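K.L.:
Contents of my_file-v7.cif (mmCIF, C-alpha atoms):
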```cif
data_work
#
loop_
_atom_site.label_atom_id
_atom_site.label_comp_id
_atom_site.auth_asym_id
_atom_site.auth_seq_id
_atom_site.Cartn_x
_atom_site.Cartn_y
_atom_site.Cartn_z
CA MET A 126 212.67 103.59 239.27
CA GLU A 127 212.31 104.67 235.63
CA GLY A 128 212.43 108.34 236.63
CA LEU A 129 215.55 107.89 238.75
CA THR A 130 217.26 105.98 235.95
CA LEU A 131 216.58 108.72 233.43
CA LEU A 132 217.62 111.40 235.97
CA ALA A 133 220.94 109.62 236.56
CA PHE A 134 221.53 109.47 232.81
CA CYS A 135 220.75 113.20 232.48
CA CYS A 136 223.18 114.01 235.31
CA VAL A 137 225.96 112.10 233.55
CA LEU A 138 225.37 114.00 230.29
CA VAL A 139 225.15 117.39 232.04
CA GLY A 140 228.33 116.63 233.93
CA CYS A 141 230.03 115.71 230.67
CA ILE A 142 229.03 119.06 229.16
CA ILE A 143 230.11 121.11 232.19
CA LEU A 144 233.46 119.34 232.47
CA HIS A 145 233.99 119.28 228.68
CA GLY A 146 234.33 115.50 228.80
CA SER A 147 233.96 112.92 226.07
CA LEU A 148 230.38 112.37 224.94
CA VAL A 149 231.24 108.79 223.98
CA ALA A 150 232.44 108.13 227.54
CA ALA A 151 229.26 109.69 228.94
CA LEU A 152 227.13 107.49 226.69
CA ALA A 153 229.14 104.45 227.79
CA VAL A 154 228.36 105.32 231.43
CA GLY A 155 224.73 105.74 230.38
CA LEU A 156 224.79 102.22 228.95
CA PHE A 157 225.98 100.91 232.33
CA ILE A 158 223.10 102.79 234.03
CA PHE A 159 220.52 101.26 231.69
CA LEU A 160 222.03 97.80 232.07
CA SER A 161 221.78 98.22 235.85
CA TYR A 162 218.12 99.18 235.47
CA GLY A 163 217.53 96.05 233.40
CA ARG A 164 219.20 93.86 236.05
CA ALA A 165 217.04 95.49 238.76
CA LYS A 166 213.98 94.61 236.68
CA GLY A 167 214.98 90.96 236.68
CA HIS A 168 216.60 90.60 233.26
CA SER A 169 219.73 88.47 233.08
CA LEU A 170 223.01 89.98 231.91
CA ARG A 171 222.95 87.64 228.93
CA ALA A 172 219.44 88.83 227.98
CA LEU A 173 220.50 92.47 228.33
CA CYS A 174 223.55 91.91 226.12
CA GLY A 175 221.20 90.33 223.58
CA MET A 176 219.03 93.46 223.72
CA CYS A 177 222.09 95.63 223.05
CA LEU A 178 223.22 93.48 220.15
CA SER A 179 219.75 93.47 218.60
CA GLY A 180 219.77 97.26 218.74
CA VAL A 181 223.21 97.49 217.14
CA ARG A 182 222.24 94.93 214.47
CA SER A 183 219.26 97.10 213.54
CA ALA A 184 221.72 99.89 212.72
CA ARG A 185 224.29 97.76 210.86
CA ASN A 186 223.57 99.38 207.49
CA ILE A 187 224.06 102.88 208.87
CA LEU A 188 227.33 101.77 210.51
CA ILE A 189 228.62 100.49 207.15
CA ASN A 190 227.56 103.75 205.52
CA VAL A 191 229.36 105.77 208.20
CA LEU A 192 232.65 104.02 207.35
CA LEU A 193 232.08 104.52 203.61
CA ILE A 194 231.40 108.23 204.18
CA GLY A 195 234.73 108.52 206.00
CA ILE A 196 236.57 107.02 203.03
CA LEU A 197 234.55 109.05 200.55
CA THR A 198 235.22 112.42 202.19
CA ALA A 199 238.97 111.72 202.34
CA LEU A 200 239.15 110.66 198.68
CA TRP A 201 237.05 113.63 197.54
CA ARG A 202 239.74 115.82 199.07
CA ALA A 203 242.61 113.77 197.65
CA SER A 204 241.11 113.70 194.14
CA GLY A 205 240.66 117.49 194.13
CA ALA A 206 236.84 117.36 194.01
CA ILE A 207 236.22 119.47 197.11
CA PRO A 208 239.06 121.96 196.39
CA VAL A 209 237.75 122.55 192.84
CA ILE A 210 234.13 122.96 193.95
CA VAL A 211 235.09 125.28 196.82
CA SER A 212 237.39 127.35 194.60
CA TRP A 213 234.65 127.82 192.02
CA ALA A 214 232.01 128.54 194.64
CA SER A 215 234.12 131.14 196.46
CA ARG A 216 234.24 133.25 193.30
CA LEU A 217 230.48 133.75 193.51
CA ILE A 218 230.62 135.57 196.86
CA ARG A 219 230.33 139.37 196.90
CA PRO A 220 230.19 141.59 200.02
CA SER A 221 226.56 142.63 199.42
CA ASP A 222 225.28 139.07 199.04
CA TYR A 223 227.74 137.41 201.44
CA LEU A 224 225.15 136.00 203.89
CA LEU A 225 222.88 134.69 201.14
CA MET A 226 225.75 133.01 199.29
CA THR A 227 227.12 131.56 202.53
CA PHE A 228 223.73 129.92 203.18
CA LEU A 229 223.47 128.62 199.60
CA LEU A 230 227.07 127.40 199.28
CA CYS A 231 227.05 125.65 202.67
CA GLY A 232 223.75 124.08 201.64
CA ALA A 233 225.24 122.88 198.35
CA ILE A 234 228.40 121.43 199.93
CA SER A 235 226.43 119.71 202.71
CA THR A 236 224.12 118.17 200.11
CA LEU A 237 227.15 116.79 198.27
CA THR A 238 228.99 115.52 201.35
CA GLY A 239 226.01 114.71 203.60
CA THR A 240 227.71 115.97 206.75
CA ALA A 241 227.02 119.13 208.74
CA LEU A 242 230.31 119.12 210.62
CA GLY A 243 232.33 118.23 207.52
CA SER A 244 230.65 121.06 205.59
CA ALA A 245 231.30 123.47 208.45
CA ALA A 246 234.96 122.40 208.54
CA THR A 247 235.38 123.07 204.78
CA MET A 248 233.00 125.56 203.18
CA GLY A 249 231.92 126.88 206.60
CA VAL A 250 235.48 127.72 207.62
CA ILE A 251 236.10 129.31 204.22
CA CYS A 252 232.93 131.43 204.40
CA ALA A 253 233.72 132.42 207.99
CA THR A 254 237.23 133.48 206.98
CA MET A 255 235.79 135.58 204.16
CA GLY A 256 233.17 137.07 206.47
CA ARG A 257 235.72 138.12 209.06
CA SER A 258 237.87 139.69 206.34
CA LEU A 259 234.78 141.67 205.30
CA GLY A 260 234.11 142.77 208.90
CA ILE A 261 230.74 140.99 209.19
CA ASP A 262 229.39 140.13 212.65
CA GLY A 263 230.27 136.61 213.78
CA SER A 264 226.70 135.84 214.89
CA LEU A 265 225.37 136.52 211.40
CA ILE A 266 228.14 134.43 209.84
CA GLY A 267 227.49 131.51 212.19
CA GLY A 268 223.73 131.64 211.65
CA ALA A 269 224.05 131.51 207.87
CA VAL A 270 226.60 128.67 208.02
CA LEU A 271 224.53 126.66 210.52
CA SER A 272 221.38 127.01 208.42
CA GLY A 273 223.21 125.98 205.25
CA ILE A 274 225.02 122.93 206.57
CA PHE A 275 221.77 121.41 207.88
CA VAL A 276 220.06 121.74 204.51
CA GLY A 277 222.18 118.87 203.20
CA ASP A 278 222.70 117.10 206.52
CA ARG A 279 218.94 116.60 206.52
CA CYS A 280 218.29 115.60 202.91
CA SER A 281 221.49 114.35 201.27
CA PRO A 282 221.49 110.72 200.06
CA VAL A 283 224.86 110.28 201.81
CA SER A 284 223.78 111.94 205.08
CA THR A 285 224.17 109.69 208.13
CA SER A 286 221.09 111.27 209.72
CA ALA A 287 218.92 110.71 206.63
CA LEU A 288 220.20 107.14 206.36
CA LEU A 289 219.49 106.58 210.06
CA VAL A 290 215.89 107.76 209.73
CA ALA A 291 215.35 105.55 206.66
CA GLU A 292 216.85 102.57 208.53
CA LEU A 293 214.77 103.10 211.68
CA THR A 294 211.50 103.57 209.82
CA GLY A 295 212.10 100.95 207.11
CA THR A 296 211.52 103.49 204.34
CA ASP A 297 213.28 104.29 201.07
CA ILE A 298 215.74 107.16 201.45
CA TYR A 299 214.98 108.60 198.02
CA ASP A 300 211.25 108.72 198.75
CA ASN A 301 212.11 110.44 202.04
CA ILE A 302 214.30 112.99 200.26
CA ARG A 303 211.51 113.81 197.82
CA ARG A 304 209.20 114.57 200.76
CA MET A 305 211.92 116.51 202.56
CA LEU A 306 212.42 118.75 199.55
CA ARG A 307 208.70 119.55 199.51
CA THR A 308 208.49 120.46 203.19
CA ALA A 309 211.77 122.43 203.11
CA PHE A 310 211.11 124.50 199.97
CA PHE A 311 209.29 127.50 201.48
CA PRO A 312 211.29 127.60 204.76
CA ALA A 313 214.54 127.55 202.75
CA LEU A 314 213.19 130.27 200.45
CA ALA A 315 212.17 132.41 203.43
CA ALA A 316 215.59 131.89 205.08
CA ALA A 317 217.34 132.88 201.83
CA PHE A 318 215.22 136.03 201.68
CA LEU A 319 216.12 136.98 205.26
CA TYR A 320 219.84 136.44 204.60
CA ALA A 321 219.60 138.52 201.41
CA VAL A 322 217.97 141.40 203.32
CA LEU A 323 220.45 141.21 206.22
CA GLY A 324 223.36 140.87 203.79
CA HIS A 325 222.49 144.12 202.02
CA ARG A 326 221.99 145.88 205.35
CA TYR A 327 225.21 144.65 206.95
CA ALA A 328 227.44 144.35 203.86
CA GLY A 329 231.14 144.16 204.68
CA ALA A 330 233.85 146.36 203.27
CA GLY A 331 236.93 144.13 202.99
CA GLU A 332 238.26 141.92 200.19
CA ILE A 333 237.45 138.29 199.34
CA PRO A 334 240.58 136.08 199.63
CA ASP A 335 241.74 134.15 196.55
CA LEU A 336 241.05 130.53 197.48
CA GLY A 337 241.96 129.27 194.03
CA GLY A 338 245.49 130.47 194.62
CA VAL A 339 245.61 128.78 198.02
CA PHE A 340 244.49 125.40 196.68
CA ALA A 341 246.59 125.67 193.50
CA ALA A 342 249.69 125.18 195.66
CA GLU A 343 248.46 121.70 196.61
CA PHE A 344 246.12 120.51 193.83
CA ARG A 345 245.69 120.53 190.08
CA LEU A 346 242.34 122.32 189.85
CA LEU A 347 240.90 120.73 186.71
CA PRO A 348 237.19 120.44 185.81
CA VAL A 349 237.51 116.64 185.59
CA CYS A 350 238.06 116.58 189.36
CA VAL A 351 234.35 117.19 190.02
CA LEU A 352 233.47 113.74 188.60
CA PRO A 353 233.23 112.03 192.05
CA ALA A 354 230.62 114.57 193.17
CA LEU A 355 228.75 114.32 189.86
CA THR A 356 228.74 110.53 190.23
CA ILE A 357 226.88 110.78 193.54
CA LEU A 358 224.39 113.28 192.11
CA VAL A 359 223.66 111.25 188.96
CA LEU A 360 223.38 107.90 190.74
CA SER A 361 221.16 109.44 193.43
CA ALA A 362 218.88 110.82 190.72
CA LEU A 363 218.73 107.31 189.24
CA ARG A 364 217.86 105.95 192.71
CA VAL A 365 220.88 103.66 192.87
CA PRO A 366 221.27 102.26 196.43
CA VAL A 367 223.35 104.61 198.57
CA LYS A 368 226.15 102.16 199.40
CA ARG A 369 226.57 101.33 195.72
CA ALA A 370 226.55 105.02 194.78
CA MET A 371 229.25 105.78 197.37
CA LEU A 372 231.38 102.86 196.20
CA CYS A 373 231.11 104.12 192.60
CA SER A 374 232.13 107.62 193.69
CA ILE A 375 235.10 106.16 195.58
CA ALA A 376 236.06 104.20 192.46
CA VAL A 377 235.96 107.39 190.36
CA SER A 378 238.02 109.28 192.97
CA LEU A 379 240.88 106.77 192.95
CA PRO A 380 242.27 107.34 189.42
CA LEU A 381 241.91 111.11 189.83
CA ALA A 382 243.93 111.03 193.04
CA LEU A 383 246.53 108.69 191.51
CA PHE A 384 246.98 110.16 188.01
CA VAL A 385 245.76 113.77 188.24
CA GLN A 386 246.91 114.72 191.75
CA HIS A 387 249.85 112.23 191.64
CA ILE A 388 249.30 110.77 195.10
CA ALA A 389 251.14 107.51 195.79
CA PRO A 390 248.94 104.42 196.32
CA ALA A 391 250.30 103.85 199.84
CA SER A 392 249.57 107.46 200.77
CA LEU A 393 246.06 107.11 199.38
CA VAL A 394 245.37 104.06 201.56
CA ARG A 395 246.68 105.94 204.59
CA MET A 396 244.46 108.92 203.76
CA ALA A 397 241.39 106.69 203.48
CA VAL A 398 242.02 105.57 207.06
CA PHE A 399 243.54 108.62 208.77
CA GLY A 400 242.19 111.41 206.57
CA PHE A 401 243.64 113.75 203.96
CA ALA A 402 246.58 115.90 205.04
CA ALA A 403 247.78 118.68 202.73
CA GLY A 404 251.47 119.53 202.48
CA ASP A 405 250.80 123.26 202.11
CA ALA A 406 250.03 124.88 205.49
CA ARG A 407 247.44 127.35 204.17
CA ALA A 408 245.58 124.66 202.23
CA ALA A 409 245.78 122.29 205.21
CA GLU A 410 243.83 124.75 207.40
CA LEU A 411 240.94 124.66 204.94
CA ILE A 412 240.88 121.15 203.50
CA ASP A 413 242.41 118.57 205.86
CA GLY A 414 240.07 115.88 207.19
CA GLY A 415 237.94 112.89 206.27
CA GLY A 416 238.97 109.26 206.64
CA ILE A 417 237.59 106.31 208.59
CA LEU A 418 239.02 107.56 211.89
CA SER A 419 237.18 110.88 211.51
CA MET A 420 233.93 108.89 211.66
CA LEU A 421 234.98 106.74 214.62
CA ARG A 422 233.24 109.02 217.12
CA VAL A 423 230.02 108.95 215.09
CA PHE A 424 230.37 105.16 214.75
CA CYS A 425 230.64 104.77 218.54
CA ILE A 426 227.71 107.13 219.19
CA VAL A 427 225.51 105.19 216.76
CA CYS A 428 226.54 101.87 218.36
CA LEU A 429 225.81 103.08 221.91
CA SER A 430 222.57 104.79 220.90
CA SER A 431 221.44 101.64 219.10
CA ALA A 432 222.21 99.58 222.20
CA TYR A 433 220.04 101.99 224.23
CA ALA A 434 217.20 101.51 221.78
CA GLY A 435 217.39 97.73 222.22
CA ILE A 436 217.23 98.05 226.01
CA PHE A 437 214.40 100.60 225.94
CA ARG A 438 212.37 98.43 223.60
CA LYS A 439 212.60 95.24 225.69
CA THR A 440 212.57 96.63 229.26
CA GLY A 441 209.75 99.15 228.82
CA LEU A 442 211.81 101.96 230.38
CA LEU A 443 210.02 104.61 228.29
CA ASP A 444 206.52 103.14 228.35
CA GLY A 445 205.14 105.84 230.67
CA GLU A 446 206.40 108.65 228.45
CA THR A 447 205.05 106.84 225.38
CA ARG A 448 201.53 106.75 226.86
CA LEU A 449 201.67 110.50 227.61
CA LEU A 450 202.78 111.27 224.06
CA ARG A 451 200.07 109.07 222.59
CA ARG A 452 197.47 111.17 224.45
CA LEU A 453 199.16 114.38 223.27
CA ALA A 454 199.10 113.16 219.66
CA ALA A 455 195.38 112.36 219.98
CA ARG A 456 194.62 115.85 221.30
CA THR A 457 196.83 117.67 218.78
CA ASN A 458 198.41 115.70 215.91
CA PRO A 459 201.34 113.28 215.47
CA TYR A 460 203.79 115.91 214.17
CA ALA A 461 203.12 118.23 217.11
CA ALA A 462 203.77 115.33 219.49
CA ALA A 463 206.99 114.41 217.64
CA LEU A 464 208.19 118.02 217.78
CA VAL A 465 207.42 118.30 221.48
CA THR A 466 209.26 115.01 222.05
CA SER A 467 212.33 116.07 220.09
CA LEU A 468 212.98 119.13 222.27
CA PRO A 469 213.62 117.37 225.61
CA ALA A 470 215.17 114.45 223.71
CA SER A 471 217.70 116.87 222.17
CA MET A 472 218.38 118.46 225.56
CA ILE A 473 219.02 115.08 227.14
CA ALA A 474 220.81 113.33 224.28
CA CYS A 475 223.18 116.20 223.37
CA ASN A 476 223.65 114.70 219.91
CA GLN A 477 221.55 114.19 216.80
CA THR A 478 221.76 110.39 216.61
CA LEU A 479 220.40 109.64 220.08
CA THR A 480 217.79 112.41 219.67
CA VAL A 481 216.46 110.66 216.56
CA MET A 482 216.45 107.26 218.24
CA LEU A 483 214.69 108.53 221.38
CA THR A 484 212.07 110.40 219.35
CA HIS A 485 211.51 107.34 217.16
CA GLN A 486 211.27 105.07 220.19
CA LEU A 487 208.68 107.32 221.88
CA CYS A 488 206.58 108.28 218.87
CA SER A 489 206.55 105.32 216.50
CA GLY A 490 203.62 103.69 218.32
CA PHE A 491 201.04 106.27 217.22
CA TYR A 492 202.05 106.31 213.54
CA GLU A 493 200.34 103.94 211.13
CA ASP A 494 202.26 105.25 208.10
CA ARG A 495 206.03 104.69 208.22
CA LYS A 496 206.57 107.35 205.54
CA ALA A 497 204.77 109.93 207.67
CA LEU A 498 206.92 108.96 210.65
CA ALA A 499 210.10 109.36 208.57
CA ILE A 500 209.31 112.88 207.38
CA ASP A 501 208.15 113.93 210.84
CA LEU A 502 211.44 112.73 212.34
CA GLU A 503 213.34 114.69 209.68
CA ASP A 504 211.33 117.82 210.40
CA SER A 505 211.61 117.55 214.18
CA ALA A 506 214.49 115.62 215.74
CA ILE A 507 216.97 116.19 212.89
CA ILE A 508 216.38 119.94 212.66
CA VAL A 509 215.80 120.73 216.36
CA ALA A 510 218.96 119.05 217.73
CA PRO A 511 221.39 121.75 216.46
CA LEU A 512 219.32 124.50 218.17
CA ILE A 513 220.20 123.19 221.64
CA PRO A 514 223.25 125.26 222.74
CA TRP A 515 224.98 122.39 224.55
CA SER A 516 224.33 119.78 221.84
CA ILE A 517 227.28 118.82 219.66
CA ALA A 518 224.94 118.96 216.63
CA GLY A 519 225.15 122.75 216.61
CA GLY A 520 227.98 123.41 219.04
CA ALA A 521 230.65 121.50 217.12
CA PRO A 522 230.05 123.29 213.78
CA LEU A 523 230.04 126.69 215.52
CA SER A 524 233.32 125.84 217.25
CA ALA A 525 234.80 124.72 213.92
CA ILE A 526 234.14 128.11 212.32
CA GLY A 527 234.86 130.15 215.47
CA ALA A 528 231.34 131.60 215.79
CA PRO A 529 229.61 132.47 219.10
CA HIS A 530 226.55 130.59 220.37
CA SER A 531 224.50 133.75 219.74
CA ALA A 532 224.66 132.61 216.09
CA LEU A 533 221.82 130.21 216.94
CA LEU A 534 219.50 133.23 216.94
CA PHE A 535 220.22 133.78 213.25
CA ALA A 536 219.95 130.14 212.10
CA PHE A 537 216.63 130.99 210.43
CA TYR A 538 216.19 127.76 208.48
CA LEU A 539 216.29 125.70 211.68
CA TYR A 540 213.37 127.69 213.11
CA LEU A 541 211.30 128.21 210.00
CA LEU A 542 211.12 124.56 208.96
CA PRO A 543 209.56 123.12 212.16
CA LEU A 544 207.31 126.17 212.61
CA ALA A 545 206.03 125.86 209.03
CA ARG A 546 205.44 122.12 209.49
CA LEU A 547 203.63 122.73 212.77
CA ALA A 548 201.33 125.32 211.18
CA PHE A 549 200.71 123.02 208.21
CA SER A 550 199.95 120.03 210.47
CA PHE A 551 197.25 121.94 212.37
CA ARG A 552 195.84 123.32 209.12
CA ALA A 553 195.66 119.81 207.62
CA GLN A 554 194.02 118.52 210.80
CA LYS A 555 191.42 121.30 210.67
CA ARG A 556 190.60 120.49 207.04
CA GLU A 557 190.27 116.81 207.89
CA LYS A 558 187.81 117.57 210.70
CA GLU A 559 185.79 119.88 208.43
CA GLY A 560 185.68 117.11 205.83
CA PHE A 561 184.12 114.71 208.36
CA ALA A 562 181.67 117.33 209.64
#
```
Before we go any further, please render this structure as structure tokens.

P.N.:
Amino acid sequence: MEGLTLLAFCCVLVGCIILHGSLVAALAVGLFIFLSYGRAKGHSLRALCGMCLSGVRSARNILINVLLIGILTALWRASGAIPVIVSWASRLIRPSDYLLMTFLLCGAISTLTGTALGSAATMGVICATMGRSLGIDGSLIGGAVLSGIFVGDRCSPVSTSALLVAELTGTDIYDNIRRMLRTAFFPALAAAFLYAVLGHRYAGAGEIPDLGGVFAAEFRLLPVCVLPALTILVLSALRVPVKRAMLCSIAVSLPLALFVQHIAPASLVRMAVFGFAAGDARAAELIDGGGILSMLRVFCIVCLSSAYAGIFRKTGLLDGETRLLRRLAARTNPYAAALVTSLPASMIACNQTLTVMLTHQLCSGFYEDRKALAIDLEDSAIIVAPLIPWSIAGGAPLSAIGAPHSALLFAFYLYLLPLARLAFSFRAQKREKEGFA
């Protein structure tokens, strides 16, 4: 029965992808399938609802953070923080180092904002526009953008994925980030080198558009406007709790939006809910977005995925797969098992959140160290999900910048990080065995 239940769930997700339907609706149908499985196993509807609620309650902190991120990203736009940073950053791009700078700038913006899709919709769109004006191949552009936006999506203190992993594993997000920086250093360096080489070989020949002029029609581009972003960076360095850091950044954004950008209080409240909307058409194409409603889809996905986790945990739906993975981990090592798990989980889940939850559900049993589990989830499920062509983790950012799916071939960072970790895990295992010999 377990196999048929999972097959039915997979069919719903595949049908959703083929028909271009709503992923939230597909996940809602999946919830009905899993509830039906629970009823067939003898659990009462009341008990099953309790399982769902326990799963959602376990993710309550991440749900609060998701809403705060929506407000934060809208107010960073309204205060001029993102326009100023993007305007300054765009001046650094030259045709010969376009791919390298695209990777680095998308990485920087995603680290500040903590969102892959949000970074793709701002700096990614800007870099893609520049790349097309230079005549650079869309696959190369998309690969550099995709690599960059997942640098920060993975290890930003305001990243929903990093917060989710910390919540699931019961670990400190700042300790996790410190470990993530260590494991990502050489893969990021190698990816930067590859983009530098490709950039010099396939340098464009057009002109870089003046983004400062575009944003100047809508914003006052003053240095003081970067204070909200600096607030997050400083408070993160001081290990201030993430919710408190975001609230402080929101508080700093408010007077800038009111007194520097001269936005009316009522308009500011509306933007916090519905997102920032620029009056200038050219600026609107590059900067509109954010707001609580922009995070509603993510909020629903996290709620549904959390409800799944509660059902899986209490009904034993995944117990057979867990036993297989435990044997695989014993024969290889825990990271190899987590990486192997994350691939089919990504293919089935079609989104990063459920991929993380499935991988955690299946692999947590053979980890004694919660910190090790956290970094292995970051280096497997988080980074593998965007490589699946039909997953929204990678597909949505590529659609936002107008890049083809062939760009996945050039998303070097997303390959190099798990491959480096895999090689390191086997090397560490070999040393451990030699030490006992």

K.L.:
Once the PyMOL selection byres ((chain A and resi 298) around 12) is applied to the coordinates I shared, what remains selected? I want it as a PyMOL selection string.

P.N.:
chain A and resi 187+279-297+299-305+361-362+364-368+496+499-500+503

K.L.:
Which value, in Å to one decimal, gives the distance between atom CA of A:Ala165 and atom CA of A:Cys135?

P.N.:
19.2 Å

K.L.:
Would you write out, as a short mmCIF file (atom, residue, chain, number, x, y, z; two decimals) with C-alpha atoms, keeping the file's coordinate frame, every residue that the PyMOL selection byres ((chain A and resi 458-472) around 6) captures in this file?

P.N.:
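Saved as expr01.cif:
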```cif
data_model
loop_
_atom_site.label_atom_id
_atom_site.label_comp_id
_atom_site.auth_asym_id
_atom_site.auth_seq_id
_atom_site.Cartn_x
_atom_site.Cartn_y
_atom_site.Cartn_z
CA ALA A 454 199.10 113.16 219.66
CA THR A 457 196.83 117.67 218.78
CA ILE A 473 219.02 115.08 227.14
CA ALA A 474 220.81 113.33 224.28
CA CYS A 475 223.18 116.20 223.37
CA THR A 480 217.79 112.41 219.67
CA THR A 484 212.07 110.40 219.35
CA ASP A 501 208.15 113.93 210.84
CA SER A 505 211.61 117.55 214.18
CA ALA A 506 214.49 115.62 215.74
CA ALA A 510 218.96 119.05 217.73
#
```

K.L.:
Which of these, A:Ser374, A:Ser244, A:Gln386, A:Ser264, has the shortest distance to A:Pro529 once you count all atoms listed in the file?

P.N.:
A:Ser264

K.L.:
So, with only C-alpha atoms as the atoms that count, which of A:Asn190, A:Ile517, A:Tyr538, A:Val377 lies closest to A:Leu229?

P.N.:
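Of all the options, A:Tyr538 lies closest to A:Leu229.
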
K.L.:
Pick from A:Ile417, A:Leu523, A:Leu429, A:Leu265: nearest to A:Ala184, with all atoms listed in the file counted?

P.N.:
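Smallest separation from A:Ala184 among the options: A:Leu429.
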
K.L.:
Neighbours of A:Ala253 within 9 Å (only C-alpha atoms; same-chain residues fewer than 4 positions away dropped), as an NGL selection string?

P.N.:
:A and (227 or 248-249 or 257-258 or 263 or 266-267 or 270 or 526-528)

K.L.:
Just to confirm, what's the straight-line distance from atom CA of A:Phe549 to atom CA of A:Arg495 in Å (one decimal)?

P.N.:
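Taking atom CA of A:Phe549 and atom CA of A:Arg495, their separation equals 19.1 Å.
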